[in-house]
Amino acid sequence: MSGPATGYEPPPLRPGELARWTWRQLTSMRTALILLFMLALASIPGSVVPQEAVDSLRASQWRDKHPQLTPVYEKLGLFSVYNSIWFSAIYILLMISLVGCIVPRLLVYWRGLRRRPPAAPRHLSRMPQSRSFETDEDADAVVERARTLLRKRRFRVEVRNGAVSSERGYLREAGNLVFHLSVLIVLVGFALGGLWGFKGGVIVVTKDSFANTLSQYDDFRAGALFDPANLDPFEFTVNDFDVTFIREGREAGMAHKFAADLTYRTAPSAPERARKISVNHPLTLGGTDVFLISHGYAPHITVRNADRSIAYSGPVVFLPEDSTFRSFGVVKVPDARQRNGSTQIGLEGEFYPTYAFIKGKNGGPFSAFPDAKNPAISMIVYKGDLGLDAGAPQSVYALQKKGLQRVTSADGKPVRLDLALGRSATLPDGLGSVTFDGVSRYVKLQVSHTPGQKVALAGVVLALVGLLGSLFIRPRRIWVRARREGGRTLVEVAGLDRSAGGDLSAEIDDLAAALRPPTSPTAPPAGSAQLSSTGSTTSGESS
Amino acid sequence: MTHEQFEVLSNQAVAACAVVYFLAVLANFAQWAAGRKVAEVPAQVEQPVSVGGGSVAPTEAPVADESDRMELFSRVGVALTVVAAFLQFVAVVSRGLASDPVRVPWGNMYEFTLIGTWVVVVGYLLLYRRYSLSWLSPVVTSFVLVTLMIDVLVLYTPVVPLRDALQSPWLVIHVIAAIIATGAFTLGGMCSALYLVKERWQRRQQAERESGQEGPGSGQEAGAATARRSGGYLARLPELAVLDRIAYRTHAFAFPIWTFAALIAGPIWAHYAWGRYWGWDPKEVWAFITWVVYAAYLHARATSGWKGRSAAVVALVGLATLWFNFVGINFFFGSGSMHSYAGK
C-alpha cells in the first residue's frame with residue numbers, strides 16, 4: 001500500500017471511537033462465526049492428549065512416555081485444555097460477542113413487538129412473490145375478505161389506504177433470542193459445578209465402611225470454591241457385591257447384573273437404610289451421588305514372622321489388568337522381623353480368579369475365567385527398605401524398588417510364591433511365611449456433587465425450545481391491494497419471506513385462489529389465464 | 001423362531017437388500033446416462049408464465065424418447081429402493097430379535113451403521129415427492145450400497161447382549177436421536193456437496209462463455225465446452241437456490257435432534273452411568289465440535305459473505321466431524337474413550 005506522502009491520511013481514532021470500533025467488530029456476526037470455528041478447533045487437542053481431569057492415570061503415563069514434549073505441553077496447558085487460558089479466552093470472547101449481539105436485538109425486538117405491519121409497498125409486483133388478477137367484485141369486498149382470510153391464518157393484519165398489510169412469525173426472533181440467552185444459562189450451570197462441585201473416588205472392600213470425609217478418599221478433585229466442611233456427613237457400609245459372569249456362549253466371561261448392597265445413614269444419628277446400587281442406578285444422598293464404577297478382587301494375605309507372630313494381615317486391593325480379572329497388586333510389610341533384626345518386606349505379583357497354567361517358553365500362569373473359581377496368587381518377594389519413611393507420598397499399588405532386593409532361595413533363584421486359596425509358603429532366610437487366606441470383592445465408587453446440574457439442563461432444554469422456534473417459525477409479510485382500474489378491480493397479492501429457508505409461493509398461490517370471487521361458474525379451475533404470477537417459483541420444488 | 005434363526009435372517013436380509021440396492025444403483029445410473037442426451041431442462045421460470053391447470057410441461061419434443069426412458073429408469077430405481085429399504089428394515093428388526101434378551105438393534109458400530117443408512121434411505125424416500133428428489137437417487141443409493149458393504153466387511157459383529165452400562169432407557173433415546181440426526185445430516189451434506197459441484201460447474205460455464213466471446217478456441221475445446229454446457233446430470237440438478245434451501249431444511253431438521261441427542265439425552269445418561277454429565281470424553285468432545293460447526297453453518301447462512309458456497313463448505317466440514325466422531329474415535333482413540341464399547 002504505497003500512496004503519495006502528501007496524500008490524505010485519516011485522522012487517528014480517538015479512544016472512544018476505537019472502543020466503539022472494537023465493540024462493533026467483536027459483536028459482528030462474522031466475528032461470532034470465526035470464534036465458533038476457533039472453539040471447535042481448540043476443543044480438538046483435548047481429545048488427542050490425555051486430560052488430567054478426565055483420566056489422570058493415562059495423563060501421567062503419557063508424561064512418562066514423552067519426557068521431552070511434556071514440559072512444552074504443560075506450558076501450553078494441553079493436559080487441561082478445557083481449563084486453559086486460551087480455551088477460556090475463546091469462549092469468554094464468544095459469550096461477550098453473544099451478549100453484545102443479543103442485547104441490542106432484545107431492544108429492537110421489544111419495540112418491534114408492538115409495531116404494526118409495514119404499509120404495502122407501492123409496486124407489489126416487484127416483491128419476491130406476487131400474483132395479480134382482475135375481478136368484477138368491489139375492491140372493498142376483496143380487501144375485507146383478504147383481511148378475514150389473513151386473520152384466520154394468524155397474521156397480524158392492518159388495513160391502510162385500500163391495502164391489507166399483514167405479518168406473522170414474530171416468535172422466530174423470540175426463539176432466536178431465547179436460544180442465545182440459554183447458552184449463557186448453560187454456562188452458568190457449568191460454572192457452578194466447576195467451582196463448587198467435587199468428584200472423589202474410593203475403593204471399598206466388601207464389609208468395609210466409608211464415611212464422607214476428605215481423608216477417606218483415594219482421589220479427590222474439587223472446584224476452587226469448594227469447602228470440605230460442606231461435605232454431607234453420610235456414611236455407608238458395602239455389605240455385599242453380586243456379579244454374574246456369563247459362563248458360556250460368545251459372550252462368556254462378560255460380567256452382568258452387578259450390584260452392591262449398601263446400608264447407609266445420611267448422618268451419623270440418622271436411621272440406617274438399605275439400598276442396592278448398580279451401573280445406571282446411583283444412590284443420591286442429599287446433593288451427593290454415589291456411583292458404582294467398577295469392581296475387582298482383594299485377596300486376604302497374611303505375612304507372619306518366623307515366630308508365627310503376625311506382621312501383616314488383611315485384604316489387599318488388586319487392580320484388574322484385563323477382562324479375565326488377572327489383577328496386579330502389592331503388599332507392603334513395614335514391620336517384619338528377620339532372625340537377625342528387623343527388615344521390611346514387599347510382595348508384588350498377580351492374582352488369578354481362575355488360575356490356569358500353560359507350560360513352555362511363552363507360557364505361564366493366567367486366568368481362565370473372571371469369576372473366582374480357582375483363585376491363586378503369584379508373588380515375588382522383596383526385602384529391604386520400602387521407602388515409606390522418606391515422607392514422600394507413595395502409591396499403594398506399586399513398590400518403590402530403590403531400597404529393595406529380591407529374596408532368593410538357597411540355590412540362588414529369586415523366590416516366587418504361587419499360592420492356591422488357603423495355602424501357605426515359608427520364606428527363606430528366616431523371613432517367616434505368607435498365607436493366602438481368602439478373597440473378598442471390592443467396589444470402586446465415585447462420589448460426586450455437581451451443583452448447577454439442573455441449571456445446565458434447564459438451559460439446554462430452553463435452548464432447544466428456542467432453537468425450534470428460530471428454525472421453524474417462518475416470519476412473513478403479505479400484502480393485498482385492490483383498486484378499480486378500467487371498470488374492473490385489479491387485485492394484487494405479494495409476499496416476503498423473512499426467514500432463511502422459506503418459500504412463500506404456495507401460500508401466495510393459496511391466498512390468491514381464495515380471494516377469487518366465491519361464485520364464478522364460468523371461471524376455470526384454480527389459476528385461470530387471468531392470474532399472472534412472478535417470483536422464483538421453480539420446477540425443483542413444490543412445498 | 002429362535003434367536004439364532006433371527007440372526008441368520010438378519011444377515012440374509014442384509015445380503016438381499018444389498019443386492020436390491022445394487023440394482024437400484026444400476027437403474028439410477030441408467031437414468032443418469034439416459035439424461036446425458038437430453039437438452040438442459042427448459043422453463044427456468046424467470047418471466048411471468050401462465051400457470052395452467054396442470055404442471056408446466058417441458059418442451060422437449062425432439063428428445064422425448066430419452067426423456068421417457070429417464071422417467072422409466074427413475075421410477076424403477078425408486079421402486080427398487082423401496083423394496084431394499086423394506087428388506088433392510090427386516091434386517092434391523094431381526095437383529096434386535098436375535099439377541100437374548102431381545103434388545104434395541106443399535107448396540108455396536110455394525111448395527112449403528114445398518115440403521116443409520118436405513119434412516120438415510122427412509123429420509124430420502126419421504127422427501128422424494130415433496131422435493132422431486134430423482135436427481136439425488138444415484139447419490140443416495142450408491143452411498144448406501146458402499147456404506148453397507150463396508151459395514152458388512154469391516155464392522156460385522158455377531159449378536160451379543162448389551163453390557164450393564166448400556167442397559168438403560170437412555171440407550172433407546174440417546175442413540176436413536178443420534179442415528180436420526182446422523183442420517184439427516186448425511187442427506188443434507190449430499191445436497192451441500194451437489195451444491196458445490198453445480199456451483200463450480202456454473203462458474204466454469206460462465207468463464208467459458210466469457211472467453212468464448214473473446215476468441216474462438218480450437219475445435220476440440222469448443223466441443224468439450226458445449227458438452228459441459230449441456231451437461232447431463234449437473235444440468236438436471238435443481239437450481240442452486242433450491243439445492244441450498246433443501247440442504248438448509250435438512251440441516252435445520254437435524255440440528256435440534258443432534259442438540260437433543262448430544263447435549264440433553266447424552267449428558268443425562270452420562271450422569272447416571274458415569275457419575276458426571278459432561279466429562280470431555282473424546283466422543284463428547286467431537287459431538288460438541290460437530291454441534292459447534294453446524295451452529296456455525298446456521299450462522300453462516302445468515303451472514304453476508306458466507307451465504308451459499310462458504311455455508312455449504314461449513315456444512316461438509318460438520319459432516320466430516322460427525323463421521324470422524326463415529327468412525328475415527330472408535331478406531332483411533334478406542335481405549336481412551338468411555339464410548340469405546342460402541343465399537344467392534
# chains A, B, ... in the order shown; residues from 1 in each chain; ligands from 1

call {"tool": "select_by_dssp", "arguments": {"residues": "range 85-198 of chain B", "states": "alpha helix (DSSP H)", "output": "NGL selection string"}}
result
:B and (85-97 or 109-131 or 137-150 or 169-198)

call {"tool": "residues_around", "arguments": {"residues": "Leu113 in chain A", "least_positions_apart": "3", "cutoff": "10 Å", "atoms": "only C-alpha atoms", "output": "MDAnalysis selection string"}}
result
chainID A and resid 107:110 116 170:171 174

call {"tool": "residues_around", "arguments": {"residues": "Asn28 in chain B", "least_positions_apart": "6", "cutoff": "8 Å", "atoms": "only C-alpha atoms", "output": "list in words"}}
result
Phe73, Ser74, Gly77, Ser137 and Pro138 of chain B

call {"tool": "residues_around", "arguments": {"residues": "Val93 in chain B", "least_positions_apart": "3", "cutoff": "8 Å", "atoms": "only C-alpha atoms", "output": "MDAnalysis selection string"}}
result
chainID B and resid 10 89:90 96:97 105

call {"tool": "interface_residues", "arguments": {"of": "chain B", "to": "chain A", "cutoff": "6 Å", "atoms": "only C-alpha atoms", "output": "PyMOL selection string"}}
result
chain B and resi 48+131+164-165+238+245+272-273+275+282+289+296

call {"tool": "residues_around", "arguments": {"residues": "Val407 in chain A", "least_positions_apart": "6", "cutoff": "10 Å", "atoms": "only C-alpha atoms", "output": "mmCIF file with all heavy atoms, in the first residue's frame"}}
result
data_model
loop_
_atom_site.group_PDB
_atom_site.id
_atom_site.type_symbol
_atom_site.label_atom_id
_atom_site.label_comp_id
_atom_site.auth_asym_id
_atom_site.auth_seq_id
_atom_site.Cartn_x
_atom_site.Cartn_y
_atom_site.Cartn_z
ATOM 1 N N ILE A 345 9.382 -56.042 54.236
ATOM 2 C CA ILE A 345 9.110 -56.985 53.156
ATOM 3 C C ILE A 345 8.109 -56.377 52.186
ATOM 4 O O ILE A 345 7.151 -55.719 52.594
ATOM 5 C CB ILE A 345 8.545 -58.311 53.715
ATOM 6 C CG1 ILE A 345 9.611 -59.023 54.552
ATOM 7 C CG2 ILE A 345 8.067 -59.237 52.590
ATOM 8 C CD1 ILE A 345 9.139 -60.319 55.165
ATOM 9 N N GLY A 346 8.349 -56.588 50.922
ATOM 10 C CA GLY A 346 7.381 -56.180 49.906
ATOM 11 C C GLY A 346 7.034 -57.370 49.032
ATOM 12 O O GLY A 346 7.920 -58.141 48.648
ATOM 13 N N ILE A 380 6.204 -62.144 43.888
ATOM 14 C CA ILE A 380 7.658 -62.083 44.016
ATOM 15 C C ILE A 380 7.951 -61.367 45.342
ATOM 16 O O ILE A 380 7.251 -60.422 45.693
ATOM 17 C CB ILE A 380 8.265 -61.297 42.840
ATOM 18 C CG1 ILE A 380 8.013 -62.065 41.545
ATOM 19 C CG2 ILE A 380 9.767 -61.094 43.040
ATOM 20 C CD1 ILE A 380 8.272 -61.255 40.318
ATOM 21 N N VAL A 381 8.985 -61.837 46.051
ATOM 22 C CA VAL A 381 9.252 -61.320 47.392
ATOM 23 C C VAL A 381 10.479 -60.411 47.380
ATOM 24 O O VAL A 381 11.502 -60.748 46.781
ATOM 25 C CB VAL A 381 9.485 -62.487 48.384
ATOM 26 C CG1 VAL A 381 9.614 -61.952 49.802
ATOM 27 C CG2 VAL A 381 8.345 -63.492 48.286
ATOM 28 N N TYR A 382 10.338 -59.244 47.998
ATOM 29 C CA TYR A 382 11.461 -58.311 48.149
ATOM 30 C C TYR A 382 11.683 -58.057 49.617
ATOM 31 O O TYR A 382 10.755 -58.124 50.422
ATOM 32 C CB TYR A 382 11.139 -56.974 47.475
ATOM 33 C CG TYR A 382 11.014 -57.038 45.984
ATOM 34 C CD1 TYR A 382 9.794 -57.364 45.390
ATOM 35 C CD2 TYR A 382 12.099 -56.741 45.158
ATOM 36 C CE1 TYR A 382 9.671 -57.417 44.019
ATOM 37 C CE2 TYR A 382 11.979 -56.782 43.783
ATOM 38 C CZ TYR A 382 10.758 -57.119 43.213
ATOM 39 O OH TYR A 382 10.649 -57.156 41.857
ATOM 40 N N LYS A 383 12.932 -57.722 49.962
ATOM 41 C CA LYS A 383 13.173 -57.260 51.331
ATOM 42 C C LYS A 383 14.098 -56.063 51.275
ATOM 43 O O LYS A 383 14.754 -55.808 50.264
ATOM 44 C CB LYS A 383 13.760 -58.380 52.192
ATOM 45 C CG LYS A 383 15.171 -58.773 51.811
ATOM 46 C CD LYS A 383 15.738 -59.731 52.840
ATOM 47 C CE LYS A 383 17.204 -60.017 52.492
ATOM 48 N NZ LYS A 383 17.855 -60.917 53.446
ATOM 49 N N GLY A 384 14.159 -55.347 52.382
ATOM 50 C CA GLY A 384 14.992 -54.152 52.418
ATOM 51 C C GLY A 384 14.180 -52.963 52.895
ATOM 52 O O GLY A 384 13.414 -53.069 53.850
ATOM 53 N N LYS A 413 18.053 -68.801 43.116
ATOM 54 C CA LYS A 413 16.966 -68.353 42.237
ATOM 55 C C LYS A 413 16.042 -67.414 43.006
ATOM 56 O O LYS A 413 15.817 -67.623 44.205
ATOM 57 C CB LYS A 413 16.149 -69.565 41.782
ATOM 58 C CG LYS A 413 16.766 -70.305 40.619
ATOM 59 C CD LYS A 413 15.780 -71.332 40.099
ATOM 60 C CE LYS A 413 16.410 -72.191 39.017
ATOM 61 N NZ LYS A 413 15.717 -73.459 38.873
ATOM 62 N N PRO A 414 15.509 -66.376 42.336
ATOM 63 C CA PRO A 414 14.561 -65.500 43.029
ATOM 64 C C PRO A 414 13.313 -66.278 43.448
ATOM 65 O O PRO A 414 12.841 -67.152 42.725
ATOM 66 C CB PRO A 414 14.222 -64.424 42.009
ATOM 67 C CG PRO A 414 14.776 -64.879 40.714
ATOM 68 C CD PRO A 414 15.775 -65.961 40.971
ATOM 69 N N VAL A 415 12.807 -65.937 44.627
ATOM 70 C CA VAL A 415 11.647 -66.651 45.157
ATOM 71 C C VAL A 415 10.358 -66.118 44.524
ATOM 72 O O VAL A 415 10.151 -64.919 44.440
ATOM 73 C CB VAL A 415 11.566 -66.477 46.685
ATOM 74 C CG1 VAL A 415 10.259 -67.034 47.220
ATOM 75 C CG2 VAL A 415 12.745 -67.150 47.339
ATOM 76 N N ARG A 416 9.531 -67.027 44.035
ATOM 77 C CA ARG A 416 8.192 -66.671 43.575
ATOM 78 C C ARG A 416 7.206 -67.554 44.321
ATOM 79 O O ARG A 416 7.359 -68.780 44.338
ATOM 80 C CB ARG A 416 8.068 -66.897 42.075
ATOM 81 C CG ARG A 416 6.670 -66.683 41.528
ATOM 82 C CD ARG A 416 6.583 -67.018 40.064
ATOM 83 N NE ARG A 416 7.044 -65.930 39.203
ATOM 84 C CZ ARG A 416 6.274 -64.897 38.851
ATOM 85 N NH1 ARG A 416 5.046 -64.786 39.289
ATOM 86 N NH2 ARG A 416 6.748 -63.967 38.052
ATOM 87 N N LEU A 427 9.129 -68.514 53.788
ATOM 88 C CA LEU A 427 10.134 -67.718 53.083
ATOM 89 C C LEU A 427 11.519 -68.153 53.545
ATOM 90 O O LEU A 427 11.688 -68.574 54.695
ATOM 91 C CB LEU A 427 9.932 -66.230 53.382
ATOM 92 C CG LEU A 427 8.582 -65.659 52.955
ATOM 93 C CD1 LEU A 427 8.447 -64.227 53.457
ATOM 94 C CD2 LEU A 427 8.455 -65.704 51.439
ATOM 95 N N PRO A 428 12.533 -68.041 52.664
ATOM 96 C CA PRO A 428 13.890 -68.413 53.072
ATOM 97 C C PRO A 428 14.481 -67.372 54.029
ATOM 98 O O PRO A 428 13.860 -66.338 54.283
ATOM 99 C CB PRO A 428 14.640 -68.461 51.746
ATOM 100 C CG PRO A 428 13.883 -67.564 50.831
ATOM 101 C CD PRO A 428 12.448 -67.645 51.266
ATOM 102 N N ASP A 429 15.644 -67.645 54.508
ATOM 103 C CA ASP A 429 16.400 -66.718 55.358
ATOM 104 C C ASP A 429 15.668 -66.364 56.641
ATOM 105 O O ASP A 429 15.859 -65.273 57.188
ATOM 106 C CB ASP A 429 16.741 -65.401 54.625
ATOM 107 C CG ASP A 429 17.513 -65.650 53.351
ATOM 108 O OD1 ASP A 429 18.075 -66.768 53.232
ATOM 109 O OD2 ASP A 429 17.533 -64.757 52.489
ATOM 110 N N LEU A 431 12.634 -65.407 57.038
ATOM 111 C CA LEU A 431 11.765 -64.235 56.884
ATOM 112 C C LEU A 431 10.338 -64.534 57.317
ATOM 113 O O LEU A 431 9.501 -63.644 57.324
ATOM 114 C CB LEU A 431 11.767 -63.756 55.432
ATOM 115 C CG LEU A 431 12.985 -62.950 54.999
ATOM 116 C CD1 LEU A 431 13.024 -62.806 53.495
ATOM 117 C CD2 LEU A 431 12.998 -61.590 55.667
#

call {"tool": "closest_residue", "arguments": {"among": "A:Val439, A:Val330, A:Leu419, A:Arg273", "to": "Gln400 in chain A", "atoms": "only C-alpha atoms"}}
result
A:Val330
